[in-house]
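Containing compact mmCIF, C-alpha atoms and all ligand atoms: work_11.txt.
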# COMPACT_ATOMS: atom_id res chain seq x y z
CA MET X 1 -12.66 -71.57 -37.31
CA SER X 2 -11.68 -74.50 -35.16
CA SER X 3 -13.08 -77.68 -33.70
CA LEU X 4 -13.91 -75.74 -30.56
CA HIS X 5 -17.51 -75.00 -29.61
CA SER X 6 -18.65 -71.49 -30.55
CA ASP X 7 -19.70 -70.91 -26.92
CA PRO X 8 -16.47 -70.82 -24.85
CA ILE X 9 -18.27 -71.64 -21.61
CA LEU X 10 -19.61 -74.84 -23.17
CA GLN X 11 -16.13 -75.54 -24.52
CA PHE X 12 -14.70 -75.06 -21.04
CA GLN X 13 -17.27 -77.50 -19.65
CA LEU X 14 -16.26 -80.10 -22.26
CA TRP X 15 -12.56 -79.88 -21.34
CA PHE X 16 -13.38 -79.72 -17.62
CA SER X 17 -15.39 -82.93 -17.79
CA GLU X 18 -12.51 -84.62 -19.64
CA ALA X 19 -10.13 -83.43 -16.90
CA LYS X 20 -12.43 -84.74 -14.14
CA LYS X 21 -12.23 -88.25 -15.65
CA ILE X 22 -8.43 -88.39 -15.27
CA LYS X 23 -7.71 -90.38 -12.12
CA SER X 24 -4.18 -89.01 -11.69
CA LEU X 25 -5.54 -85.46 -11.44
CA GLN X 26 -6.40 -84.96 -7.78
CA TYR X 27 -7.58 -81.37 -8.29
CA PRO X 28 -8.93 -80.90 -11.83
CA HIS X 29 -10.97 -78.00 -10.41
CA ALA X 30 -7.91 -76.19 -8.99
CA MET X 31 -7.33 -72.86 -10.69
CA THR X 32 -4.85 -70.05 -10.26
CA VAL X 33 -6.79 -66.91 -9.41
CA SER X 34 -4.97 -63.65 -10.00
CA THR X 35 -6.16 -60.38 -8.53
CA VAL X 36 -4.85 -56.85 -8.44
CA GLY X 37 -3.21 -55.97 -5.12
CA VAL X 38 -4.38 -52.87 -3.29
CA ASP X 39 -0.95 -51.45 -4.24
CA GLY X 40 -1.47 -52.42 -7.92
CA VAL X 41 0.89 -55.40 -7.77
CA PRO X 42 -0.58 -58.66 -9.18
CA ASP X 43 -1.25 -61.47 -6.69
CA SER X 44 -2.11 -65.12 -7.34
CA ARG X 45 -3.21 -68.17 -5.42
CA ILE X 46 -4.91 -71.51 -6.09
CA LEU X 47 -8.65 -71.77 -5.40
CA LEU X 48 -11.20 -74.47 -6.21
CA LEU X 49 -13.77 -73.89 -8.92
CA LYS X 50 -17.12 -74.80 -7.37
CA GLU X 51 -19.49 -74.17 -10.26
CA VAL X 52 -19.42 -72.97 -13.84
CA ASP X 53 -22.47 -72.03 -15.88
CA ASP X 54 -23.66 -69.31 -18.26
CA ARG X 55 -23.24 -66.76 -15.50
CA GLY X 56 -19.56 -67.49 -14.92
CA PHE X 57 -17.03 -69.22 -12.67
CA MET X 58 -17.77 -69.44 -8.94
CA PHE X 59 -15.41 -69.89 -5.98
CA PHE X 60 -15.75 -69.50 -2.22
CA THR X 61 -13.51 -67.84 0.29
CA ASN X 62 -13.20 -65.48 3.24
CA LYS X 63 -14.21 -62.00 2.08
CA ASP X 64 -11.95 -60.34 4.66
CA SER X 65 -8.91 -62.24 3.31
CA GLN X 66 -6.22 -60.58 1.26
CA LYS X 67 -7.98 -61.54 -1.99
CA GLY X 68 -11.30 -60.32 -0.58
CA LEU X 69 -9.87 -56.89 0.18
CA GLN X 70 -8.23 -56.80 -3.26
CA LEU X 71 -11.50 -57.70 -4.98
CA ALA X 72 -13.34 -55.02 -3.02
CA LYS X 73 -10.93 -52.45 -4.48
CA HIS X 74 -10.46 -53.93 -7.98
CA PRO X 75 -13.36 -56.27 -8.84
CA PHE X 76 -11.52 -58.07 -11.66
CA ALA X 77 -9.69 -61.40 -11.80
CA ALA X 78 -7.84 -63.73 -14.12
CA LEU X 79 -8.31 -67.50 -13.83
CA LEU X 80 -5.85 -70.05 -15.15
CA PHE X 81 -6.28 -73.78 -15.64
CA PHE X 82 -3.61 -76.18 -16.91
CA TRP X 83 -4.58 -79.83 -17.28
CA GLU X 84 -1.18 -81.30 -18.07
CA PRO X 85 -2.25 -84.83 -19.09
CA LEU X 86 -4.57 -83.29 -21.71
CA GLY X 87 -2.16 -80.59 -22.86
CA TYR X 88 -4.87 -77.95 -22.37
CA GLN X 89 -4.56 -74.48 -20.86
CA VAL X 90 -7.48 -72.09 -20.36
CA ARG X 91 -7.06 -68.40 -19.49
CA ILE X 92 -10.06 -66.37 -18.38
CA GLN X 93 -10.44 -62.69 -17.52
CA GLY X 94 -13.44 -60.87 -16.20
CA ARG X 95 -15.27 -58.76 -13.73
CA VAL X 96 -16.00 -60.29 -10.34
CA GLU X 97 -19.30 -60.14 -8.46
CA GLU X 98 -20.28 -61.48 -5.07
CA VAL X 99 -22.83 -64.29 -5.31
CA SER X 100 -26.15 -64.02 -3.44
CA ASP X 101 -26.38 -64.86 0.26
CA ALA X 102 -28.73 -67.70 -0.67
CA GLU X 103 -26.11 -69.29 -2.97
CA SER X 104 -23.40 -68.93 -0.32
CA ASP X 105 -25.70 -70.37 2.36
CA ALA X 106 -26.59 -73.32 0.14
CA TYR X 107 -22.97 -74.19 -0.57
CA PHE X 108 -21.81 -73.60 3.03
CA ALA X 109 -24.45 -76.07 4.22
CA THR X 110 -22.89 -78.83 2.06
CA ARG X 111 -19.40 -78.42 3.54
CA PRO X 112 -18.03 -80.92 6.08
CA ARG X 113 -18.64 -79.75 9.66
CA LEU X 114 -14.93 -79.32 10.38
CA SER X 115 -14.54 -77.14 7.28
CA GLN X 116 -17.44 -75.03 8.54
CA ILE X 117 -15.76 -74.73 11.95
CA GLY X 118 -12.53 -73.79 10.15
CA SER X 119 -14.32 -70.93 8.41
CA TRP X 120 -15.38 -69.55 11.79
CA ALA X 121 -11.95 -70.05 13.38
CA SER X 122 -9.75 -68.76 10.54
CA GLU X 123 -9.12 -65.05 10.13
CA GLN X 124 -7.79 -65.93 6.70
CA SER X 125 -4.64 -64.06 5.61
CA ARG X 126 -4.21 -62.22 8.92
CA LEU X 127 -1.35 -62.71 11.39
CA LEU X 128 -1.46 -65.96 13.36
CA PRO X 129 1.32 -65.80 15.97
CA ASP X 130 0.80 -69.43 17.08
CA ARG X 131 -1.12 -72.32 15.49
CA ALA X 132 -2.46 -73.22 18.95
CA ILE X 133 -4.53 -70.02 18.91
CA PHE X 134 -6.33 -71.19 15.74
CA GLU X 135 -6.90 -74.66 17.20
CA GLN X 136 -8.27 -73.22 20.45
CA LYS X 137 -10.63 -70.95 18.53
CA ALA X 138 -11.82 -73.96 16.50
CA GLU X 139 -12.47 -75.94 19.70
CA SER X 140 -14.48 -73.12 21.22
CA PHE X 141 -16.64 -72.83 18.07
CA GLU X 142 -17.20 -76.60 18.20
CA VAL X 143 -18.54 -76.16 21.74
CA GLN X 144 -20.59 -73.09 20.77
CA PHE X 145 -22.26 -74.88 17.84
CA SER X 146 -22.54 -78.35 19.36
CA GLY X 147 -25.80 -80.10 18.60
CA GLN X 148 -26.90 -77.55 15.99
CA ASP X 149 -26.37 -76.70 12.33
CA ILE X 150 -23.49 -74.31 11.82
CA PRO X 151 -24.55 -71.02 10.19
CA ARG X 152 -22.43 -69.35 7.51
CA PRO X 153 -20.22 -66.58 8.86
CA SER X 154 -21.21 -63.26 7.24
CA TYR X 155 -17.63 -62.76 5.98
CA TRP X 156 -17.51 -66.08 4.14
CA GLY X 157 -19.06 -66.51 0.71
CA GLY X 158 -18.84 -66.84 -3.02
CA TYR X 159 -17.61 -64.78 -5.90
CA ARG X 160 -18.40 -65.21 -9.58
CA VAL X 161 -15.99 -64.26 -12.36
CA ILE X 162 -18.02 -63.15 -15.37
CA PRO X 163 -15.81 -63.98 -18.34
CA GLN X 164 -15.04 -61.22 -20.79
CA LYS X 165 -12.17 -63.02 -22.50
CA MET X 166 -11.32 -66.75 -22.64
CA GLU X 167 -8.32 -68.31 -24.34
CA PHE X 168 -8.00 -72.00 -25.16
CA TRP X 169 -4.48 -73.38 -25.71
CA ILE X 170 -3.89 -76.82 -27.15
CA GLU X 171 -0.46 -78.39 -26.91
CA ARG X 172 1.04 -79.49 -30.23
CA PRO X 173 4.43 -81.11 -30.97
CA PHE X 174 7.47 -78.86 -31.30
CA ARG X 175 5.56 -75.96 -29.67
CA TRP X 176 3.38 -75.44 -32.76
CA HIS X 177 0.50 -74.99 -30.35
CA ASP X 178 -3.03 -73.84 -31.18
CA ARG X 179 -4.52 -70.80 -29.48
CA PHE X 180 -8.07 -69.46 -29.77
CA GLU X 181 -9.11 -66.29 -28.03
CA PHE X 182 -12.80 -65.59 -27.41
CA THR X 183 -13.96 -62.06 -26.57
CA ARG X 184 -17.48 -61.31 -25.46
CA THR X 185 -19.22 -58.96 -27.88
CA ASP X 186 -22.49 -58.72 -25.99
CA ASN X 187 -24.30 -60.75 -23.38
CA ALA X 188 -25.07 -63.63 -25.69
CA SER X 189 -22.30 -63.76 -28.29
CA TRP X 190 -18.58 -64.08 -28.64
CA SER X 191 -15.99 -63.32 -31.33
CA VAL X 192 -13.09 -65.71 -31.78
CA ARG X 193 -9.66 -65.34 -33.35
CA ARG X 194 -6.66 -67.58 -33.73
CA LEU X 195 -3.37 -66.40 -32.18
CA TYR X 196 0.17 -67.38 -33.02
CA PRO X 197 1.58 -69.81 -30.48
C1 LIG U 201 -5.50 -77.08 -3.98
C2 LIG U 201 -5.85 -75.82 -3.21
C3 LIG U 201 -7.17 -75.44 -3.11
C4 LIG U 201 -7.53 -74.29 -2.41
N1 LIG U 201 -8.84 -73.90 -2.40
C5 LIG U 201 -9.19 -72.76 -1.75
C6 LIG U 201 -10.52 -72.27 -1.83
O1 LIG U 201 -11.40 -72.83 -2.53
N2 LIG U 201 -10.83 -71.15 -1.11
C7 LIG U 201 -9.89 -70.47 -0.37
O2 LIG U 201 -10.24 -69.47 0.25
N3 LIG U 201 -8.61 -70.88 -0.33
C8 LIG U 201 -8.22 -72.00 -1.00
N4 LIG U 201 -6.92 -72.41 -0.99
C9 LIG U 201 -5.93 -71.59 -0.22
C10 LIG U 201 -5.50 -70.39 -1.08
O3 LIG U 201 -4.55 -70.78 -2.04
C11 LIG U 201 -4.91 -69.22 -0.25
O4 LIG U 201 -3.85 -69.68 0.57
C12 LIG U 201 -5.96 -68.57 0.68
O5 LIG U 201 -7.22 -68.44 0.06
C13 LIG U 201 -5.48 -67.18 1.12
O6 LIG U 201 -5.29 -66.36 -0.01
P1 LIG U 201 -5.19 -64.75 0.09
O7 LIG U 201 -4.27 -64.44 1.26
O8 LIG U 201 -4.62 -64.32 -1.21
O9 LIG U 201 -6.58 -64.23 0.34
C14 LIG U 201 -6.52 -73.53 -1.72
C15 LIG U 201 -5.18 -73.91 -1.84
C16 LIG U 201 -4.84 -75.03 -2.60
C17 LIG U 201 -3.38 -75.38 -2.76

Would you write out, as structure tokens, the structure that this file holds?
Ligand SMILES: Cc1cc2nc3c(=O)[nH]c(=O)nc-3n(C[C@H](O)[C@H](O)[C@H](O)COP(=O)(O)O)c2cc1C
Amino acid sequence: MSSLHSDPILQFQLWFSEAKKIKSLQYPHAMTVSTVGVDGVPDSRILLLKEVDDRGFMFFTNKDSQKGLQLAKHPFAALLFFWEPLGYQVRIQGRVEEVSDAESDAYFATRPRLSQIGSWASEQSRLLPDRAIFEQKAESFEVQFSGQDIPRPSYWGGYRVIPQKMEFWIERPFRWHDRFEFTRTDNASWSVRRLYP
């Protein structure tokens, strides 16, 4: 139907590796992650894509954050990538699962020490009356963990979005864009259709 790969995850990986080669793109792995608010109102923020494979799209965060509470109530998300220099947009929708403790531990261990300290000190999305409080908490965790590896806080970890639908948008002159929407038909296969721009 198109020059796209018949497996949309492989197609995503092709575009993603093109995006990663573009020097002017500081965050090719930045994606808008939309969730459903506990009140039903949509909510979005940028997160970093840490891994993509057959199982889905993985990101890490604080599970007690606003998004964490939203995902606990409505375990679905939409991801959005726009790589402007390439003229490519990718939209993804799917169910969200928590990744295993082992995967979260493995990634946490690779993070810079100060990022690890930040995860302990930040009550992400909750009221911070004064920045000094956060900095003091960080200093006390630095003392607490000095001279040892920093363990992963139990509330910090990964989520995986298991794609159910993926749309690839290719910019064309005069807004005669190309759009291809993939829908998962079963675990191993996808149907694809072209959409009007
Ligand atoms: C470029 C960029 C990358 C970010 N990456 C992450 C990330 O990987 N994990 C994360 O928890 N927050 C990340 N953030 C911060 C989030 O956008 C957001 O402020 C935070 O997760 C709190 O969101 P929430 O209140 O909806 O839970 C990033 C922000 C930007 C601008």

Just want the residues within 9 Å of ligand LIG 201 (chain U), written as a PDB file with C-alpha atoms, in the coordinates of the input, counting only C-alpha atoms and all ligand atoms.
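Result file is pocket-v5.pdb:
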ATOM      1  CA  GLN X  26      -6.400 -84.960  -7.780  1.00  0.00           C
ATOM      2  CA  TYR X  27      -7.580 -81.370  -8.290  1.00  0.00           C
ATOM      3  CA  HIS X  29     -10.970 -78.000 -10.410  1.00  0.00           C
ATOM      4  CA  ALA X  30      -7.910 -76.190  -8.990  1.00  0.00           C
ATOM      5  CA  MET X  31      -7.330 -72.860 -10.690  1.00  0.00           C
ATOM      6  CA  THR X  32      -4.850 -70.050 -10.260  1.00  0.00           C
ATOM      7  CA  VAL X  33      -6.790 -66.910  -9.410  1.00  0.00           C
ATOM      8  CA  SER X  34      -4.970 -63.650 -10.000  1.00  0.00           C
ATOM      9  CA  THR X  35      -6.160 -60.380  -8.530  1.00  0.00           C
ATOM     10  CA  ASP X  43      -1.250 -61.470  -6.690  1.00  0.00           C
ATOM     11  CA  SER X  44      -2.110 -65.120  -7.340  1.00  0.00           C
ATOM     12  CA  ARG X  45      -3.210 -68.170  -5.420  1.00  0.00           C
ATOM     13  CA  ILE X  46      -4.910 -71.510  -6.090  1.00  0.00           C
ATOM     14  CA  LEU X  47      -8.650 -71.770  -5.400  1.00  0.00           C
ATOM     15  CA  LEU X  48     -11.200 -74.470  -6.210  1.00  0.00           C
ATOM     16  CA  LEU X  49     -13.770 -73.890  -8.920  1.00  0.00           C
ATOM     17  CA  LYS X  50     -17.120 -74.800  -7.370  1.00  0.00           C
ATOM     18  CA  PHE X  59     -15.410 -69.890  -5.980  1.00  0.00           C
ATOM     19  CA  PHE X  60     -15.750 -69.500  -2.220  1.00  0.00           C
ATOM     20  CA  THR X  61     -13.510 -67.840   0.290  1.00  0.00           C
ATOM     21  CA  ASN X  62     -13.200 -65.480   3.240  1.00  0.00           C
ATOM     22  CA  LYS X  63     -14.210 -62.000   2.080  1.00  0.00           C
ATOM     23  CA  ASP X  64     -11.950 -60.340   4.660  1.00  0.00           C
ATOM     24  CA  SER X  65      -8.910 -62.240   3.310  1.00  0.00           C
ATOM     25  CA  GLN X  66      -6.220 -60.580   1.260  1.00  0.00           C
ATOM     26  CA  LYS X  67      -7.980 -61.540  -1.990  1.00  0.00           C
ATOM     27  CA  GLY X  68     -11.300 -60.320  -0.580  1.00  0.00           C
ATOM     28  CA  LEU X  69      -9.870 -56.890   0.180  1.00  0.00           C
ATOM     29  CA  GLN X  70      -8.230 -56.800  -3.260  1.00  0.00           C
ATOM     30  CA  GLN X 124      -7.790 -65.930   6.700  1.00  0.00           C
ATOM     31  CA  SER X 125      -4.640 -64.060   5.610  1.00  0.00           C
ATOM     32  CA  ARG X 126      -4.210 -62.220   8.920  1.00  0.00           C
ATOM     33  CA  TRP X 156     -17.510 -66.080   4.140  1.00  0.00           C
TER      34      TRP X 156
END

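Shortest separation to Leu86 of chain X among X:Ser122, X:Gln144, X:Ser17, X:Ser3 occurs at residue X:Ser17, atoms counted being only C-alpha atoms.
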
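Residues within 12 Å of Pro8 of chain X, counting only C-alpha atoms and excluding same-chain residues fewer than 6 positions away, are Ser2, Leu14, Trp15, Phe16, Val52, Asp53, Asp54, Gly56, Val90, Arg91, Ile92, Pro163, Gln164, Lys165, Met166, Glu167, Phe168, Phe180, Glu181, Phe182, Thr183, Arg184, Ala188, Ser189, Trp190, Ser191 and Val192 of chain X.
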
Exercise. Within 12 Å of Ser115 of chain X, counting all atoms listed in the file, which residues qualify if same-chain residues fewer than 3 places away don't, as a PyMOL selection string?
Worked result: chain X and resi 61+107-112+118-122+138+141-142+150+152+156

Can you tell me, as a compact mmCIF listing (two decimals) with C-alpha atoms, in the coordinates of the input, what residues are no more than 7 Å from segment 169-174 of chain X when counting all atoms listed in the file, ignoring any on the same chain fewer than 3 positions away?
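Writing the result to around-v2.txt gives the following:
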# COMPACT_ATOMS: atom_id res chain seq x y z
CA GLY X 87 -2.16 -80.59 -22.86
CA TYR X 88 -4.87 -77.95 -22.37
CA GLN X 89 -4.56 -74.48 -20.86
CA VAL X 90 -7.48 -72.09 -20.36
CA HIS X 177 0.50 -74.99 -30.35
CA ASP X 178 -3.03 -73.84 -31.18
CA ARG X 179 -4.52 -70.80 -29.48
CA PHE X 180 -8.07 -69.46 -29.77

Exercise. Do you have the atom CA of Phe134 of chain X-atom CA of Ala106 of chain X distance handy?
Worked result: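 These atoms are spaced 25.7 Å apart.
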
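For the set X:Leu195, X:Val161, X:Leu128, X:Val36, the residue with the smallest atom-to-atom gap to Leu79 of chain X is X:Val161, counting all atoms listed in the file.
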
Exercise. So how far away is atom CA of Val41 of chain X from atom CA of Ala78 of chain X, in Å?
Worked result: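 Straight-line distance from atom CA of Ala78 of chain X to atom CA of Val41 of chain X works out to 13.6 Å.
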
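Taking only C-alpha atoms, the non-local environment of Arg160 of chain X within 6 Å (same-chain residues fewer than 2 positions away omitted) comprises X:Gly56, X:Phe57, X:Met58, X:Val96, X:Glu97.
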
Exercise. At what distance in Å, to one decimal, does atom CA of Trp83 of chain X lie from atom CA of Arg193 of chain X?
Worked result: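 Atom CA of Trp83 of chain X lies 22.2 Å from atom CA of Arg193 of chain X.
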
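Among the candidates X:Lys73, X:Arg113, X:Val38, X:Pro85, the one nearest to Lys20 of chain X when counting only C-alpha atoms is X:Pro85.
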
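Minimum distance to Pro75 of chain X across X:Arg194, X:Asp149, X:Asp186, X:Ile162 (counting all atoms listed in the file) occurs at X:Ile162.
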